[in-house]
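What follows is the content of protein.cif (mmCIF, C-alpha atoms and all ligand atoms).
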```
data_query
#
loop_
_atom_site.label_atom_id
_atom_site.label_comp_id
_atom_site.auth_asym_id
_atom_site.auth_seq_id
_atom_site.Cartn_x
_atom_site.Cartn_y
_atom_site.Cartn_z
CA MET A 30 0.00 0.00 0.00
CA LYS A 31 1.20 3.47 -0.80
CA ASN A 32 2.23 5.77 2.01
CA SER A 33 -0.33 8.57 1.83
CA ASN A 34 0.19 9.96 5.32
CA GLY A 35 -1.32 13.46 5.24
CA LYS A 36 -1.84 13.16 1.48
CA PHE A 37 -4.85 12.78 -0.79
CA PHE A 38 -4.49 11.58 -4.38
CA VAL A 39 -6.57 9.90 -7.04
CA LYS A 40 -5.53 7.48 -9.79
CA PHE A 41 -7.83 6.45 -12.62
CA ARG A 42 -7.64 2.68 -13.13
CA GLY A 43 -10.56 2.22 -15.51
CA THR A 44 -12.51 4.97 -17.22
CA ARG A 45 -14.56 3.18 -19.87
CA GLY A 46 -18.30 2.73 -19.53
CA SER A 47 -20.46 -0.31 -20.32
CA PHE A 48 -17.84 -2.86 -21.40
CA PRO A 49 -14.06 -3.15 -21.78
CA THR A 50 -12.57 -1.89 -25.05
CA PRO A 51 -9.06 -3.29 -25.59
CA SER A 52 -8.81 -2.01 -29.18
CA LYS A 53 -5.67 -0.21 -30.34
CA SER A 54 -7.59 2.96 -31.14
CA GLN A 55 -8.80 3.29 -27.54
CA LEU A 56 -5.73 2.61 -25.43
CA GLU A 57 -4.77 6.23 -24.77
CA TYR A 58 -7.87 6.93 -22.66
CA GLY A 59 -8.06 3.26 -21.70
CA GLY A 60 -10.22 0.22 -22.25
CA ASN A 61 -10.83 -0.94 -18.68
CA THR A 62 -14.20 -0.38 -17.04
CA ALA A 63 -14.87 1.80 -14.01
CA CYS A 64 -12.37 1.86 -11.17
CA VAL A 65 -10.76 4.78 -9.35
CA GLU A 66 -8.06 4.40 -6.70
CA VAL A 67 -8.05 6.99 -3.94
CA ASN A 68 -5.25 7.14 -1.39
CA VAL A 69 -6.00 9.47 1.47
CA ASN A 70 -4.16 9.73 4.78
CA ASN A 71 -3.08 6.06 4.64
CA ASN A 72 -6.52 4.79 3.65
CA LEU A 73 -7.00 3.03 0.33
CA ILE A 74 -10.48 3.66 -1.05
CA ILE A 75 -11.51 2.00 -4.32
CA LEU A 76 -14.43 3.39 -6.27
CA ASP A 77 -16.08 0.57 -8.21
CA ALA A 78 -14.70 -2.77 -9.30
CA GLY A 79 -14.80 -2.72 -13.10
CA THR A 80 -11.88 -4.39 -14.88
CA GLY A 81 -9.63 -1.48 -13.85
CA ILE A 82 -9.46 -3.01 -10.37
CA ILE A 83 -7.47 -5.97 -11.75
CA GLY A 84 -4.35 -3.88 -12.51
CA LEU A 85 -4.71 -2.11 -9.17
CA GLY A 86 -4.76 -5.51 -7.46
CA GLU A 87 -1.59 -6.58 -9.29
CA ASP A 88 0.21 -3.44 -8.10
CA LEU A 89 -1.01 -3.88 -4.52
CA VAL A 90 0.23 -7.46 -4.41
CA ILE A 91 3.67 -6.43 -5.77
CA ASP A 92 3.96 -3.81 -2.99
CA HIS A 93 2.69 -6.32 -0.43
CA ILE A 94 5.33 -8.90 -1.40
CA ALA A 95 8.05 -6.24 -1.39
CA SER A 96 7.10 -5.09 2.12
CA ALA A 97 8.92 -8.02 3.86
CA THR A 98 10.63 -11.29 3.03
CA THR A 99 8.21 -13.57 4.90
CA SER A 100 4.45 -13.64 4.50
CA PHE A 101 4.01 -13.27 8.27
CA ASP A 102 5.85 -9.91 8.30
CA ARG A 103 4.29 -8.42 5.19
CA THR A 104 2.10 -5.34 5.46
CA PRO A 105 -1.50 -6.47 4.91
CA ILE A 106 -3.59 -4.87 2.20
CA ASN A 107 -6.49 -2.94 3.74
CA ALA A 108 -9.04 -1.42 1.40
CA THR A 109 -12.51 0.09 1.39
CA LEU A 110 -14.41 -0.66 -1.82
CA LEU A 111 -17.39 1.56 -2.61
CA LEU A 112 -19.76 0.25 -5.28
CA SER A 113 -21.90 2.78 -7.13
CA HIS A 114 -24.31 0.04 -8.27
CA ILE A 115 -24.19 -3.55 -9.44
CA HIS A 116 -24.13 -3.21 -13.21
CA GLN A 117 -21.47 -5.47 -14.71
CA ASP A 118 -19.06 -2.69 -15.71
CA HIS A 119 -18.79 -1.72 -12.01
CA ILE A 120 -18.28 -5.17 -10.49
CA GLN A 121 -16.89 -7.50 -13.17
CA GLY A 122 -13.24 -7.12 -12.09
CA PHE A 123 -13.87 -8.09 -8.48
CA PRO A 124 -13.30 -11.89 -8.73
CA PHE A 125 -9.93 -11.17 -10.40
CA PHE A 126 -8.78 -8.68 -7.74
CA LYS A 127 -5.76 -10.59 -6.42
CA PRO A 128 -5.72 -9.11 -2.90
CA ALA A 129 -9.16 -10.69 -2.32
CA HIS A 130 -7.43 -14.06 -2.56
CA LEU A 131 -4.87 -13.37 0.21
CA THR A 132 -5.77 -14.33 3.78
CA SER A 133 -3.99 -11.25 5.15
CA THR A 134 -6.18 -8.78 3.21
CA ASN A 135 -8.96 -6.81 4.90
CA LEU A 136 -11.61 -5.70 2.46
CA GLN A 137 -14.62 -3.63 3.45
CA VAL A 138 -17.22 -3.43 0.68
CA PHE A 139 -20.06 -0.90 0.75
CA GLY A 140 -22.93 -0.53 -1.66
CA TYR A 141 -26.69 -0.67 -1.68
CA SER A 142 -29.32 -3.16 -2.59
CA ASP A 143 -32.82 -2.19 -3.57
CA PHE A 144 -33.65 -5.80 -4.29
CA ASP A 145 -35.08 -8.35 -1.87
CA GLU A 146 -31.61 -9.85 -1.50
CA GLY A 147 -28.68 -8.22 0.26
CA LEU A 148 -25.62 -6.94 -1.59
CA ASP A 149 -23.64 -10.05 -0.61
CA GLU A 150 -26.22 -12.38 -2.16
CA ILE A 151 -26.38 -10.28 -5.32
CA LEU A 152 -22.58 -10.26 -5.74
CA SER A 153 -22.51 -13.99 -5.08
CA ASP A 154 -25.15 -14.62 -7.76
CA LEU A 155 -23.68 -12.28 -10.36
CA LEU A 156 -19.96 -12.93 -9.94
CA PHE A 157 -19.41 -16.23 -8.19
CA SER A 158 -21.45 -19.42 -7.73
CA LYS A 159 -22.36 -20.34 -11.33
CA SER A 160 -19.94 -18.01 -13.14
CA PHE A 161 -16.61 -18.42 -11.30
CA PRO A 162 -14.62 -21.38 -9.94
CA LEU A 163 -15.04 -20.12 -6.36
CA ASP A 164 -18.04 -19.19 -4.25
CA LEU A 165 -18.06 -15.80 -2.57
CA GLY A 166 -17.71 -17.63 0.75
CA ASP A 167 -14.43 -19.16 -0.47
CA ILE A 168 -12.73 -15.77 -0.79
CA ALA A 169 -9.60 -15.90 1.34
CA ALA A 170 -9.57 -12.28 2.47
CA ASN A 171 -11.34 -10.99 5.52
CA LEU A 172 -14.32 -9.66 3.58
CA ASN A 173 -17.19 -7.59 4.98
CA ILE A 174 -20.02 -6.56 2.69
CA THR A 175 -22.30 -3.85 4.05
CA ASN A 176 -25.54 -2.51 2.62
CA ILE A 177 -25.91 1.22 2.92
CA SER A 178 -29.21 2.88 2.29
CA GLY A 179 -27.95 6.22 1.11
CA ASN A 180 -28.58 9.73 2.02
CA ASP A 181 -28.49 9.75 5.78
CA GLU A 182 -25.43 7.62 6.34
CA ILE A 183 -21.75 8.47 6.46
CA ILE A 184 -18.72 6.19 6.69
CA ILE A 185 -15.88 7.35 8.91
CA LEU A 186 -12.31 6.11 8.46
CA SER A 187 -10.24 7.05 11.45
CA PRO A 188 -6.70 6.13 12.57
CA ASP A 189 -8.27 5.28 15.98
CA ASN A 190 -10.46 2.49 14.54
CA LYS A 191 -9.35 -0.48 12.48
CA GLN A 192 -12.74 -0.85 10.80
CA PRO A 193 -14.84 1.86 9.13
CA ILE A 194 -17.67 3.22 11.27
CA ILE A 195 -21.12 3.90 9.79
CA LYS A 196 -23.11 6.70 11.36
CA THR A 197 -26.62 7.91 10.67
CA VAL A 198 -26.75 11.69 10.49
CA THR A 199 -29.57 14.17 10.05
CA CYS A 200 -27.60 16.73 8.07
CA LYS A 201 -24.43 15.76 6.24
CA ASP A 202 -23.59 19.39 5.64
CA ASP A 203 -22.72 19.71 9.32
CA PHE A 204 -20.41 16.76 9.25
CA ILE A 205 -16.90 17.99 8.57
CA PRO A 206 -13.88 15.69 8.98
CA GLN A 207 -12.13 16.25 12.26
CA GLY A 208 -8.35 15.90 12.55
CA GLU A 209 -7.12 12.83 10.70
CA GLU A 210 -10.56 11.43 9.88
CA VAL A 211 -11.71 10.68 6.36
CA ILE A 212 -15.46 10.96 5.85
CA ILE A 213 -17.36 9.30 3.03
CA SER A 214 -20.87 10.54 2.40
CA CYS A 215 -23.37 9.00 0.02
CA TYR A 216 -26.04 10.35 -2.28
CA LYS A 217 -28.56 7.87 -3.64
CA SER A 218 -30.33 8.86 -6.82
CA TYR A 219 -32.69 7.24 -9.31
CA ALA A 220 -31.03 8.94 -12.28
CA HIS A 221 -29.90 5.53 -13.57
CA PRO A 222 -32.11 2.60 -14.59
CA GLN A 223 -33.30 0.30 -13.11
CA ASN A 224 -32.48 0.67 -9.46
CA GLY A 225 -30.56 3.89 -9.18
CA VAL A 226 -26.98 4.68 -8.33
CA MET A 227 -24.94 5.85 -5.37
CA SER A 228 -22.60 8.81 -5.64
CA TYR A 229 -19.85 9.20 -3.06
CA LYS A 230 -17.97 12.12 -1.56
CA ILE A 231 -14.63 11.50 0.11
CA ALA A 232 -13.57 14.34 2.41
CA TYR A 233 -10.33 14.86 4.27
CA LYS A 234 -9.48 18.08 6.06
CA ASP A 235 -11.03 20.81 3.87
CA LYS A 236 -10.65 18.89 0.59
CA SER A 237 -13.09 16.54 -1.15
CA VAL A 238 -13.54 14.35 -4.21
CA VAL A 239 -16.99 13.46 -5.57
CA TYR A 240 -17.61 10.35 -7.67
CA ALA A 241 -20.83 10.63 -9.66
CA THR A 242 -20.84 8.00 -12.37
CA ASP A 243 -23.78 6.43 -14.22
CA ARG A 244 -26.33 9.18 -13.91
CA GLU A 245 -28.36 11.03 -16.47
CA GLY A 246 -28.64 14.80 -16.08
CA TYR A 247 -31.90 16.64 -15.56
CA ILE A 248 -33.13 19.76 -17.33
CA GLY A 249 -31.58 22.61 -15.37
CA GLY A 250 -29.14 20.19 -13.70
CA ASP A 251 -29.46 17.88 -10.70
CA LYS A 252 -29.69 20.45 -7.91
CA LYS A 253 -29.21 17.86 -5.16
CA LEU A 254 -26.03 16.60 -6.79
CA ALA A 255 -24.76 20.17 -7.26
CA ARG A 256 -25.32 20.73 -3.54
CA PHE A 257 -23.67 17.41 -2.65
CA ALA A 258 -20.60 18.33 -4.75
CA ARG A 259 -20.47 21.96 -3.67
CA ASN A 260 -16.92 23.36 -3.75
CA CYS A 261 -15.34 19.93 -4.10
CA ASN A 262 -11.79 19.78 -5.41
CA LEU A 263 -12.47 17.11 -8.01
CA LEU A 264 -15.80 16.05 -9.50
CA ILE A 265 -15.65 12.76 -11.41
CA HIS A 266 -18.84 12.76 -13.47
CA ASP A 267 -20.47 10.52 -16.06
CA ALA A 268 -19.99 11.94 -19.56
CA GLN A 269 -20.78 9.10 -21.90
CA TYR A 270 -22.28 10.96 -24.85
CA THR A 271 -21.78 13.97 -27.03
CA GLU A 272 -24.87 16.18 -27.27
CA GLU A 273 -25.30 15.00 -30.85
CA ASP A 274 -25.38 11.29 -29.94
CA TYR A 275 -27.61 11.84 -26.92
CA SER A 276 -30.37 13.42 -28.95
CA SER A 277 -29.79 11.76 -32.32
CA THR A 278 -33.03 10.99 -34.12
CA MET A 279 -31.64 7.71 -35.51
CA ALA A 280 -30.51 6.23 -32.18
CA PRO A 281 -31.31 8.53 -29.25
CA LYS A 282 -29.64 7.76 -25.93
CA GLN A 283 -32.15 9.58 -23.74
CA GLY A 284 -33.24 7.44 -20.81
CA PHE A 285 -30.16 5.20 -20.94
CA GLY A 286 -29.05 6.67 -17.61
CA HIS A 287 -25.94 8.50 -18.76
CA SER A 288 -24.96 12.13 -19.11
CA THR A 289 -23.53 14.22 -21.88
CA PHE A 290 -20.36 16.28 -21.58
CA ASP A 291 -22.54 19.39 -21.27
CA MET A 292 -24.54 17.86 -18.40
CA ALA A 293 -21.31 17.12 -16.51
CA LEU A 294 -20.03 20.64 -17.15
CA ASP A 295 -23.31 22.06 -15.91
CA ILE A 296 -22.88 20.28 -12.55
CA GLN A 297 -19.32 21.58 -12.31
CA ASN A 298 -20.60 25.12 -12.85
CA GLN A 299 -23.46 24.77 -10.39
CA SER A 300 -21.38 23.09 -7.69
CA HIS A 301 -18.28 25.25 -8.23
CA ALA A 302 -16.19 22.08 -8.32
CA LYS A 303 -12.59 23.12 -8.85
CA GLN A 304 -11.83 20.38 -11.40
CA LEU A 305 -14.05 18.15 -13.49
CA ALA A 306 -13.09 14.70 -14.82
CA PHE A 307 -15.31 13.41 -17.63
CA PHE A 308 -15.76 9.72 -16.83
CA HIS A 309 -17.51 6.54 -18.05
CA LEU A 310 -16.44 6.98 -21.64
CA GLU A 311 -18.66 5.69 -24.42
CA PRO A 312 -17.15 2.37 -25.62
CA SER A 313 -17.54 3.21 -29.30
CA TYR A 314 -15.53 6.46 -29.05
CA SER A 315 -11.93 6.32 -30.31
CA ASP A 316 -8.99 8.15 -28.75
CA GLU A 317 -9.08 10.54 -31.69
CA LYS A 318 -12.71 11.41 -31.09
CA ILE A 319 -12.30 11.78 -27.31
CA SER A 320 -9.19 13.91 -27.74
CA ALA A 321 -11.11 16.28 -30.04
CA ILE A 322 -13.95 16.47 -27.48
CA GLU A 323 -11.46 17.20 -24.70
CA THR A 324 -9.92 20.07 -26.67
CA GLU A 325 -13.37 21.50 -27.37
CA TYR A 326 -14.37 21.41 -23.69
CA LYS A 327 -11.05 22.70 -22.40
CA ASN A 328 -11.62 25.77 -24.56
CA LYS A 329 -14.92 26.33 -22.72
CA GLU A 330 -13.63 25.45 -19.24
CA PRO A 331 -9.89 25.13 -18.55
CA ASN A 332 -10.44 23.14 -15.34
CA CYS A 333 -11.90 20.08 -16.97
CA PHE A 334 -10.31 17.01 -18.55
CA VAL A 335 -11.19 13.54 -19.75
CA ALA A 336 -10.29 10.83 -17.20
CA LYS A 337 -7.52 8.72 -18.67
CA GLU A 338 -6.41 5.32 -17.41
CA GLY A 339 -3.22 5.73 -15.32
CA LEU A 340 -3.70 9.47 -14.75
CA GLU A 341 -2.98 10.64 -11.19
CA ILE A 342 -4.41 13.79 -9.65
CA GLU A 343 -3.00 15.21 -6.45
CA ILE A 344 -5.59 16.78 -4.17
CA ILE A 345 -3.22 17.45 -1.23
ZN ZN A 401 -21.59 1.89 -15.99
ZN ZN A 402 -24.86 1.38 -14.82
#
```
Translate this structure into structure tokens?
Amino acid sequence: MKNSNGKFFVKFRGTRGSFPTPSKSQLEYGGNTACVEVNVNNNLIILDAGTGIIGLGEDLVIDHIASATTSFDRTPINATLLLSHIHQDHIQGFPFFKPAHLTSTNLQVFGYSDFDEGLDEILSDLLFSKSFPLDLGDIAANLNITNISGNDEIIILSPDNKQPIIKTVTCKDDFIPQGEEVIISCYKSYAHPQNGVMSYKIAYKDKSVVYATDREGYIGGDKKLARFARNCNLLIHDAQYTEEDYSSTMAPKQGFGHSTFDMALDIQNQSHAKQLAFFHLEPSYSDEKISAIETEYKNKEPNCFVAKEGLEIEII
């Protein structure tokens, strides 16, 4: 694990939406599906488990092995995995995340379930049992899967507690990280079919990062999201379609649950987010096309960019 004592940085591990795209013309922005690594004050937080989590797992295991010569002395991998929802492009990398197969790893998974089953049963059905050689219960790591309901819960990571603490709060706006705490707040929305999506805000000291993938914008912008992301340092927002593709008469994308670049920019403007990362890239878009879009949007707003696999952003 990286030493991030007093630091806060983000690395994009997978930025593609819907399905992986390993074609030569898409490798610059990357072909892996959604995964963002956040290292903050010695906490590793992973946003979604698309195929991008596989490379992250490889790197974590290399560092783990290098930490000592015997397995007993090695620094364990501790991670908090936040799932936005359970569509395949946000979970499909999880069975191949190598640290999950080490007994020394501690993995805390948070997400929500609007179904009759809990999140653990859903992940077991979708990723293990019939579709993988192991059952979820066979995972070697110390794995805790917790359902969160959304808007009135926060997760606190504190150096004083080994495990994350979930608290129910009446007003998240009043909840500011104290000292060395990292606070994760959640915003549940139905802006994504069929069962909605969770956005997350990770806050440390007076800095914050908001992850708002897989959500379709509203006319006039999602005011609740703009409030949730207010003054954040980095807003990672769904931007799957150009305006032209979104409203094309031949194959309109309205109602698919994804935003346009303009919708993402609108939330940046309304929230006063200091930087905007366009995320969840349309799988049919080539590097050439995305690069041209990025240039166009940077001319409108210098503090925006397209999330690229491998790109690191320093918050503190
Ligand atoms: Zn997605
Ligand atoms: Zn989705």
*What separation in Å, quoted to one decimal, exists between atom CA of A:Ser214 and atom CA of A:Glu182?*
6.7 Å
*Of the candidates A:Leu73, A:Ile345, A:Leu264, A:Leu156, which one gets nearest to A:Cys333 if we count only C-alpha atoms?*
A:Leu264
Using all atoms listed in the file, tabulate the residues of chain A lying at most 12 Å from any atom of ligand ZN 401 (chain A), each with its closest atom pair and that distance in Å to one decimal, by chain and increasing residue number, as a tab-separated table.
```
residue	atom	partner	partner_atom	distance
A:Gly43	CA	A:ZN401	ZN	11.0
A:Thr44	CA	A:ZN401	ZN	9.7
A:Arg45	CA	A:ZN401	ZN	8.1
A:Gly46	CA	A:ZN401	ZN	4.9
A:Ser47	CA	A:ZN401	ZN	5.0
A:Phe48	CA	A:ZN401	ZN	8.1
A:Pro49	CA	A:ZN401	ZN	10.8
A:Asn61	CA	A:ZN401	ZN	11.4
A:Thr62	CA	A:ZN401	ZN	7.8
A:Ala63	CA	A:ZN401	ZN	7.0
A:Cys64	CA	A:ZN401	ZN	10.4
A:Asp77	CA	A:ZN401	ZN	9.6
A:Ala78	CA	A:ZN401	ZN	10.7
A:Gly79	CA	A:ZN401	ZN	8.7
A:Thr80	CA	A:ZN401	ZN	11.6
A:Leu112	CA	A:ZN401	ZN	11.0
A:Ser113	CA	A:ZN401	ZN	8.9
A:His114	CA	A:ZN401	ZN	8.4
A:Ile115	CA	A:ZN401	ZN	8.9
A:His116	CA	A:ZN401	ZN	6.3
A:Gln117	CA	A:ZN401	ZN	7.5
A:Asp118	CA	A:ZN401	ZN	5.2
A:His119	CA	A:ZN401	ZN	6.1
A:Ile120	CA	A:ZN401	ZN	9.5
A:Gln121	CA	A:ZN401	ZN	10.9
A:His221	CA	A:ZN401	ZN	9.4
A:Pro222	CA	A:ZN401	ZN	10.6
A:Gly225	CA	A:ZN401	ZN	11.4
A:Val226	CA	A:ZN401	ZN	9.8
A:Met227	CA	A:ZN401	ZN	11.8
A:Ala241	CA	A:ZN401	ZN	10.8
A:Thr242	CA	A:ZN401	ZN	7.1
A:Asp243	CA	A:ZN401	ZN	5.3
A:Arg244	CA	A:ZN401	ZN	8.9
A:Glu245	CA	A:ZN401	ZN	11.4
A:His266	CA	A:ZN401	ZN	11.5
A:Asp267	CA	A:ZN401	ZN	8.7
A:Ala268	CA	A:ZN401	ZN	10.8
A:Gln269	CA	A:ZN401	ZN	9.4
A:Phe285	CA	A:ZN401	ZN	10.4
A:Gly286	CA	A:ZN401	ZN	9.0
A:His287	CA	A:ZN401	ZN	8.4
A:Ser288	CA	A:ZN401	ZN	11.2
A:Phe308	CA	A:ZN401	ZN	9.8
A:His309	CA	A:ZN401	ZN	6.5
A:Leu310	CA	A:ZN401	ZN	9.2
A:Glu311	CA	A:ZN401	ZN	9.7
A:Pro312	CA	A:ZN401	ZN	10.6
```
_Report as number ranges by chain all protein, DNA and RNA residues lying within 7 Å of stretch 205-207 of chain A, evaluated on all atoms listed in the file, omitting residues in the same chain fewer than 4 positions from it._
A: 211-212, 232-234
*Can you tell me, as a PyMOL selection string, what residues are no more than 9 Å from stretch 135-144 of chain A when counting all atoms listed in the file, ignoring any on the same chain fewer than 4 positions away?*
chain A and resi 105-115+128-129+148+151+170-179+192-193+217+224-227
_Can you tell me which residues surround A:Asp92 at a distance of at most 7 Å, considering only C-alpha atoms, apart from same-chain residues fewer than 4 positions away, and format the answer as a PyMOL selection string?_
chain A and resi 30+88+96
Residue subset to file, keeping C-alpha atoms, as a short mmCIF file (atom, residue, chain, number, x, y, z; two decimals), in the coordinates of the input:
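out16.cif, freshly written:
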```
data_model
loop_
_atom_site.label_atom_id
_atom_site.label_comp_id
_atom_site.auth_asym_id
_atom_site.auth_seq_id
_atom_site.Cartn_x
_atom_site.Cartn_y
_atom_site.Cartn_z
CA MET A 30 0.00 0.00 0.00
CA ASP A 88 0.21 -3.44 -8.10
CA SER A 96 7.10 -5.09 2.12
#
```
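Put simply, atom CA of A:Asp181 is 15.9 Å away from atom CA of A:Tyr219.
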